[in-house]
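Single-structure report; data block below.
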Amino acid sequence: MAKGEKAPVTAGDKLMGNHPEPAFTKIPPQTQLDQKLSVCSKLCYAIGGAPNQVAGSATGFFLQIYLLDIAQINPFQASMVLFVGKAWGAVTDPIVGFFITKSKWTKIGRLMPWMVGCTPFMVVAYFYLWFVPPFTNERFIWYLGFYCLYQTLITCFHVPYSALTMFLSTNQHERDSATAYRMTVEVIGTLVGAAIQGQIVASAHTMKHCPHHNLSAGHLGNSSGMRTTRTVALSHDFLFHAKEVYMIAAGVIGGLFLVCTVIMFLGVKERDDPYAPKTEKSIPFHKGFILVMKHGSYLTLTAAFLFISVAIQLIQSNFVLFCTYAAELRDHFQNIVLTILMSAAVSIPFWQWFLEKFGKKTAALCGITWIMPFTLMLVFIPNLIVAYVVAVSSGLSVAASLLLPWSMLPDVVDDFRLVNRNSKGHEAIFYSLYAFFTKFAAGISLGVSTLCLQFAGYDTGACRQPPPVVYTLKLLIGAAPVVCITTGLMILVAYPISEDVRLRNKVALEELRKQSISCKSLRVDLNGA
């Protein structure tokens, strides 16, 4: 980063040479270079992102099986709901990013109004996503509409929340620390989401409603008819119960959205970067978009984690189906999911230490590689003991895949600031485009995986699935994620921001900010004179 090493400006040095004393005498407290964040601020910031992960965990693990077995829409329609919903959410990311860049600063900041304003509507959309309407013919339209609405509103929350990292502090270490707090709480949120959803709705996916134990070849005539009618009635009662428990889970998670957003609003102060270069004329969004898309380190990071996130999404969305129909673990899936997420939550501090000790790129390569042999182990040895071993081991990689991209993105933004010193206010573009690419790829993977189940002959609402479906689920849990992770790691090897480059960028940015403060203070002194 040659530009980062030559950051000091000679004109500013000359001005400082004539007026050495006033340089730091009239700087207000909020413009100190070391913007230390209190533990309370970091916790409130982290808690604000928890509901998104709670809901994301619930939809990621359970929406597919809910659409197939509870709402009972066919696999093709379910694949369209999942793909179009994710794709729509991806399209709205850069649109929301555009409007955020045009937003004015208010008394509560530029990003906070977006998060606070969309939360009540998001809760309503989320609840109706898990409601089974009384009609059957247009259920596909119902779920498609509410999933797209929910994706739009969650984008209006998540894009500004992600970009908020850059407005907490100008200190890289403080931002990394806040990101570690955020990831720890978000993993706990994912754990809570899986616990709430899994424990509440577990009774909706047992074998108790299956009629095979009530019918036998020896019962014929009227007796057989009476037994068939009885099992159908039991099935309807069971389906009513399943719908009810899913709505209860949705109501609980909706309440968490409201509580956590209030905590974030009360505990987080949004700050602008007071030392960044100011320009008289703002750069248009489309020019900022082009600048971002030309930045090599951003493209490399986004492409790498695009493939990695697709792999994690494939495992997450098909795991409950795999446990239910391919591994005969339907009575244990909720506990296995909790084990994965508990392992991830506990390992976040370890990865934070690891990245500080060995660097973020090394941490990403080591952490994400770890999951591959264990997913294959579960496919080839699908028993309960192996499942728990795989769950504990996989949690390490899940934690790394959650922490590392959000810890590395601010470094990319800093690198961009050095290369484009007169361009400011594009943080939302970085975060929204990253979300766009990962969501769109995840939408394609979800749609394709559900279509694969359709072609394999998935039987909606059946207690057991035919062998081609079982084989397809094994491919979706094992081989497909391994291929995606391998591709992502090969791209990540080319990521150019090593620890040496990151530290040089940090020093260069601090020099630029010192010059900015010096020039502002000098202008204040000259105007006062």
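So you can find residues: chains in the structure tokens are A, B, ... in the order shown, residues in each start at 1, and ligands are numbered from 1 in order.
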Closest atom pairs, residues of region 296-346 of chain A within 12 Å of region 66-70 of chain A, only C-alpha atoms, as a Markdown table:
```
| residue | atom | partner | partner_atom | distance |
| --- | --- | --- | --- | --- |
| A:Ser317 | CA | A:Tyr66 | CA | 11.2 |
| A:Asn318 | CA | A:Tyr66 | CA | 11.9 |
| A:Val320 | CA | A:Tyr66 | CA | 10.5 |
| A:Leu321 | CA | A:Leu68 | CA | 10.3 |
| A:Thr324 | CA | A:Asp69 | CA | 11.7 |
```
The selected residues should be written to file as a PDB file, in the first residue's frame (atoms: C-alpha atoms).
```pdb
ATOM      1  CA  SER A 317     -31.330 -25.188   5.529  1.00  0.00           C
ATOM      2  CA  ASN A 318     -31.158 -28.939   4.897  1.00  0.00           C
ATOM      3  CA  VAL A 320     -33.311 -30.632   9.910  1.00  0.00           C
ATOM      4  CA  LEU A 321     -34.536 -32.498   6.819  1.00  0.00           C
ATOM      5  CA  THR A 324     -35.468 -36.257  10.020  1.00  0.00           C
TER       6      THR A 324
END
```
**Item:** Polymer residues at most 10 Å from region 486-500 of chain A, only C-alpha atoms, same-chain spacing of 2 or more positions, as an MDAnalysis selection string
**Value:** chainID A and resid 1 296:311 355:356 358:362 364:366 368:369 372 408 411:412 415 481:484 502:506
With N, CA and C atoms kept, could you save the residues just selected as a CSV table (one decimal), in the first residue's frame?
```
chain,number,residue,atom,x,y,z
A,1,MET,N,0.9,-1.2,0.0
A,1,MET,CA,0.0,0.0,0.0
A,1,MET,C,0.9,1.2,0.0
A,296,GLY,N,-10.0,-4.1,-5.5
A,296,GLY,CA,-9.6,-5.5,-5.6
A,296,GLY,C,-9.8,-6.3,-4.3
A,297,SER,N,-9.4,-5.7,-3.2
A,297,SER,CA,-9.5,-6.5,-1.9
A,297,SER,C,-10.9,-6.8,-1.6
A,298,TYR,N,-11.8,-5.8,-1.9
A,298,TYR,CA,-13.2,-6.0,-1.6
A,298,TYR,C,-13.8,-7.1,-2.5
A,299,LEU,N,-13.5,-7.1,-3.7
A,299,LEU,CA,-14.0,-8.2,-4.6
A,299,LEU,C,-13.5,-9.6,-4.2
A,300,THR,N,-12.3,-9.6,-3.8
A,300,THR,CA,-11.7,-10.9,-3.4
A,300,THR,C,-12.4,-11.4,-2.1
A,301,LEU,N,-12.5,-10.5,-1.1
A,301,LEU,CA,-13.2,-10.9,0.1
A,301,LEU,C,-14.6,-11.4,-0.1
A,302,THR,N,-15.4,-10.6,-0.9
A,302,THR,CA,-16.8,-10.9,-1.1
A,302,THR,C,-16.9,-12.2,-1.9
A,303,ALA,N,-16.1,-12.4,-2.9
A,303,ALA,CA,-16.2,-13.7,-3.7
A,303,ALA,C,-15.9,-14.9,-2.8
A,304,ALA,N,-14.9,-14.8,-2.0
A,304,ALA,CA,-14.5,-15.9,-1.1
A,304,ALA,C,-15.6,-16.3,-0.1
A,305,PHE,N,-16.2,-15.3,0.6
A,305,PHE,CA,-17.2,-15.5,1.5
A,305,PHE,C,-18.5,-15.8,0.9
A,306,LEU,N,-18.7,-15.4,-0.4
A,306,LEU,CA,-19.9,-15.8,-1.1
A,306,LEU,C,-20.0,-17.3,-1.2
A,307,PHE,N,-19.0,-18.0,-1.6
A,307,PHE,CA,-19.0,-19.4,-1.7
A,307,PHE,C,-19.1,-20.1,-0.3
A,308,ILE,N,-18.4,-19.5,0.7
A,308,ILE,CA,-18.4,-20.1,2.0
A,308,ILE,C,-19.8,-19.9,2.6
A,309,SER,N,-20.5,-18.8,2.4
A,309,SER,CA,-21.8,-18.6,3.0
A,309,SER,C,-22.8,-19.5,2.3
A,310,VAL,N,-22.6,-19.8,1.0
A,310,VAL,CA,-23.5,-20.7,0.3
A,310,VAL,C,-23.4,-22.1,1.0
A,311,ALA,N,-22.2,-22.5,1.3
A,311,ALA,CA,-21.9,-23.8,1.9
A,311,ALA,C,-22.6,-23.9,3.3
A,355,LEU,N,-7.2,-14.4,15.7
A,355,LEU,CA,-7.0,-13.4,14.6
A,355,LEU,C,-6.0,-12.3,15.1
A,356,GLU,N,-6.1,-12.0,16.4
A,356,GLU,CA,-5.1,-11.0,16.9
A,356,GLU,C,-3.7,-11.5,16.9
A,358,PHE,N,-2.4,-14.3,15.0
A,358,PHE,CA,-1.9,-14.8,13.8
A,358,PHE,C,-2.5,-14.1,12.5
A,359,GLY,N,-3.4,-13.2,12.7
A,359,GLY,CA,-3.9,-12.4,11.6
A,359,GLY,C,-5.3,-13.0,11.1
A,360,LYS,N,-6.1,-12.1,10.5
A,360,LYS,CA,-7.5,-12.4,10.1
A,360,LYS,C,-7.5,-13.4,9.0
A,361,LYS,N,-6.6,-13.3,8.0
A,361,LYS,CA,-6.6,-14.2,6.8
A,361,LYS,C,-6.3,-15.6,7.3
A,362,THR,N,-5.3,-15.7,8.1
A,362,THR,CA,-4.9,-17.1,8.6
A,362,THR,C,-6.0,-17.7,9.4
A,364,ALA,N,-9.2,-17.1,9.1
A,364,ALA,CA,-10.3,-17.5,8.2
A,364,ALA,C,-10.0,-18.9,7.5
A,365,LEU,N,-8.7,-19.0,7.0
A,365,LEU,CA,-8.3,-20.2,6.3
A,365,LEU,C,-8.4,-21.4,7.2
A,366,CYS,N,-7.9,-21.2,8.4
A,366,CYS,CA,-7.8,-22.4,9.4
A,366,CYS,C,-9.2,-22.7,9.9
A,368,ILE,N,-12.3,-22.1,8.7
A,368,ILE,CA,-13.4,-22.6,7.8
A,368,ILE,C,-13.0,-23.9,7.2
A,369,THR,N,-11.7,-24.2,7.1
A,369,THR,CA,-11.3,-25.6,6.6
A,369,THR,C,-11.8,-26.7,7.5
A,372,MET,N,-15.0,-29.2,6.9
A,372,MET,CA,-15.2,-30.1,5.8
A,372,MET,C,-15.1,-31.6,6.2
A,408,MET,N,-13.2,-8.4,8.8
A,408,MET,CA,-12.3,-8.0,7.7
A,408,MET,C,-12.8,-6.9,6.8
A,411,ASP,N,-11.5,-3.4,7.5
A,411,ASP,CA,-10.1,-3.2,7.0
A,411,ASP,C,-10.1,-2.9,5.5
A,412,VAL,N,-11.1,-3.5,4.8
A,412,VAL,CA,-11.2,-3.2,3.4
A,412,VAL,C,-11.7,-1.8,3.2
A,415,ASP,N,-8.7,0.5,3.7
A,415,ASP,CA,-7.9,0.4,2.5
A,415,ASP,C,-8.4,1.3,1.4
A,481,PRO,N,-21.5,-28.7,0.0
A,481,PRO,CA,-20.8,-27.7,0.8
A,481,PRO,C,-19.3,-27.8,0.8
A,482,VAL,N,-18.7,-29.0,0.7
A,482,VAL,CA,-17.3,-29.2,0.6
A,482,VAL,C,-16.7,-28.5,-0.7
A,483,VAL,N,-17.4,-28.7,-1.8
A,483,VAL,CA,-17.0,-28.0,-3.0
A,483,VAL,C,-17.0,-26.5,-2.9
A,484,CYS,N,-18.1,-26.0,-2.4
A,484,CYS,CA,-18.2,-24.5,-2.2
A,484,CYS,C,-17.2,-24.0,-1.3
A,502,ARG,N,-2.4,-4.3,6.8
A,502,ARG,CA,-3.4,-3.7,7.7
A,502,ARG,C,-2.8,-2.7,8.7
A,503,LEU,N,-1.6,-3.0,9.2
A,503,LEU,CA,-1.0,-2.2,10.2
A,503,LEU,C,-0.4,-0.9,9.5
A,504,ARG,N,0.1,-1.0,8.3
A,504,ARG,CA,0.5,0.1,7.5
A,504,ARG,C,-0.7,1.1,7.2
A,505,ASN,N,-1.8,0.5,6.9
A,505,ASN,CA,-3.0,1.3,6.6
A,505,ASN,C,-3.4,2.0,7.9
A,506,LYS,N,-3.4,1.3,9.0
A,506,LYS,CA,-3.8,1.9,10.2
A,506,LYS,C,-2.9,3.2,10.6
```
**Item:** Shell around Ala344 (chain A) at 7 Å using only C-alpha atoms, local window under 4 positions removed, as a list in words
**Value:** Val187, Ile340, Ile348, Gly395, Leu396, Val398 and Ala399 of chain A
**Message:** Just want the 7 Å neighbourhood of region 458-471 of chain A, counted on only C-alpha atoms, with same-chain residues fewer than 3 positions away dropped. Output as a ChimeraX atom specification.
**Reply:** /A:68-69,72,74,207,210,325-326,453-454,474-475
Keeping only N, CA, C and O atoms, write those residues as a PDB file, in the first residue's frame.
```pdb
ATOM      1  N   LEU A  68     -42.882 -27.174   3.614  1.00  0.00           N
ATOM      2  CA  LEU A  68     -43.166 -28.472   3.010  1.00  0.00           C
ATOM      3  C   LEU A  68     -44.152 -29.296   3.836  1.00  0.00           C
ATOM      4  O   LEU A  68     -45.104 -29.864   3.293  1.00  0.00           O
ATOM      5  N   ASP A  69     -43.949 -29.361   5.153  1.00  0.00           N
ATOM      6  CA  ASP A  69     -44.712 -30.303   5.966  1.00  0.00           C
ATOM      7  C   ASP A  69     -45.847 -29.676   6.759  1.00  0.00           C
ATOM      8  O   ASP A  69     -46.803 -30.370   7.121  1.00  0.00           O
ATOM      9  N   GLN A  72     -47.654 -27.165   3.795  1.00  0.00           N
ATOM     10  CA  GLN A  72     -47.958 -28.186   2.785  1.00  0.00           C
ATOM     11  C   GLN A  72     -48.126 -27.590   1.389  1.00  0.00           C
ATOM     12  O   GLN A  72     -49.088 -27.873   0.677  1.00  0.00           O
ATOM     13  N   ASN A  74     -46.144 -27.491  -2.338  1.00  0.00           N
ATOM     14  CA  ASN A  74     -45.273 -28.487  -2.969  1.00  0.00           C
ATOM     15  C   ASN A  74     -43.829 -27.982  -3.045  1.00  0.00           C
ATOM     16  O   ASN A  74     -43.571 -26.780  -2.928  1.00  0.00           O
ATOM     17  N   MET A 207     -42.909 -38.681  15.143  1.00  0.00           N
ATOM     18  CA  MET A 207     -43.551 -39.766  14.382  1.00  0.00           C
ATOM     19  C   MET A 207     -44.933 -40.107  14.938  1.00  0.00           C
ATOM     20  O   MET A 207     -45.585 -41.018  14.438  1.00  0.00           O
ATOM     21  N   CYS A 210     -47.925 -40.461  12.591  1.00  0.00           N
ATOM     22  CA  CYS A 210     -47.826 -41.353  11.438  1.00  0.00           C
ATOM     23  C   CYS A 210     -48.773 -42.539  11.614  1.00  0.00           C
ATOM     24  O   CYS A 210     -48.795 -43.173  12.669  1.00  0.00           O
ATOM     25  N   TYR A 325     -35.077 -37.363   7.893  1.00  0.00           N
ATOM     26  CA  TYR A 325     -35.365 -38.386   6.889  1.00  0.00           C
ATOM     27  C   TYR A 325     -34.161 -39.227   6.462  1.00  0.00           C
ATOM     28  O   TYR A 325     -34.338 -40.333   5.954  1.00  0.00           O
ATOM     29  N   ALA A 326     -32.928 -38.720   6.653  1.00  0.00           N
ATOM     30  CA  ALA A 326     -31.755 -39.444   6.148  1.00  0.00           C
ATOM     31  C   ALA A 326     -30.929 -40.084   7.250  1.00  0.00           C
ATOM     32  O   ALA A 326     -30.196 -41.044   6.991  1.00  0.00           O
ATOM     33  N   LEU A 453     -34.843 -31.715  -4.323  1.00  0.00           N
ATOM     34  CA  LEU A 453     -35.746 -32.589  -3.565  1.00  0.00           C
ATOM     35  C   LEU A 453     -37.015 -32.889  -4.357  1.00  0.00           C
ATOM     36  O   LEU A 453     -37.542 -34.001  -4.294  1.00  0.00           O
ATOM     37  N   GLN A 454     -37.503 -31.887  -5.095  1.00  0.00           N
ATOM     38  CA  GLN A 454     -38.684 -32.086  -5.947  1.00  0.00           C
ATOM     39  C   GLN A 454     -38.399 -33.158  -7.001  1.00  0.00           C
ATOM     40  O   GLN A 454     -39.189 -34.084  -7.206  1.00  0.00           O
ATOM     41  N   LYS A 474     -28.095 -36.244   1.478  1.00  0.00           N
ATOM     42  CA  LYS A 474     -26.695 -36.505   1.818  1.00  0.00           C
ATOM     43  C   LYS A 474     -25.754 -35.679   0.944  1.00  0.00           C
ATOM     44  O   LYS A 474     -24.734 -35.160   1.427  1.00  0.00           O
ATOM     45  N   LEU A 475     -26.087 -35.539  -0.333  1.00  0.00           N
ATOM     46  CA  LEU A 475     -25.275 -34.693  -1.214  1.00  0.00           C
ATOM     47  C   LEU A 475     -25.333 -33.225  -0.789  1.00  0.00           C
ATOM     48  O   LEU A 475     -24.313 -32.521  -0.801  1.00  0.00           O
TER      49      LEU A 475
END
```
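Contact shell of Ala391 (chain A) at 8 Å (only C-alpha atoms; same-chain neighbours under 3 positions omitted): Ile336, Val337, Thr339, Ile340, Ser343, Ala387, Tyr388, Ser394 and Gly395 of chain A.
Comparing the minimum interatomic distances between Ile154 (chain A) and each of A:Ile73, A:Val132, A:Val268, A:Val96, counting only C-alpha atoms, we find that A:Val96 sits nearest.
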**Which residue of A:Ser203, A:Ser445, A:Asn52, A:Gln151 approaches Thr190 (chain A) most closely, using only C-alpha atoms** =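 For Thr190 (chain A), the nearest of the given residues is A:Asn52.
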**Prompt:** Which of region 68-163 of chain A counts as alpha helix (DSSP H) under DSSP, as a VMD selection string please?
**Reply:** chain A and resid 75 to 101 112 to 129 139 to 163
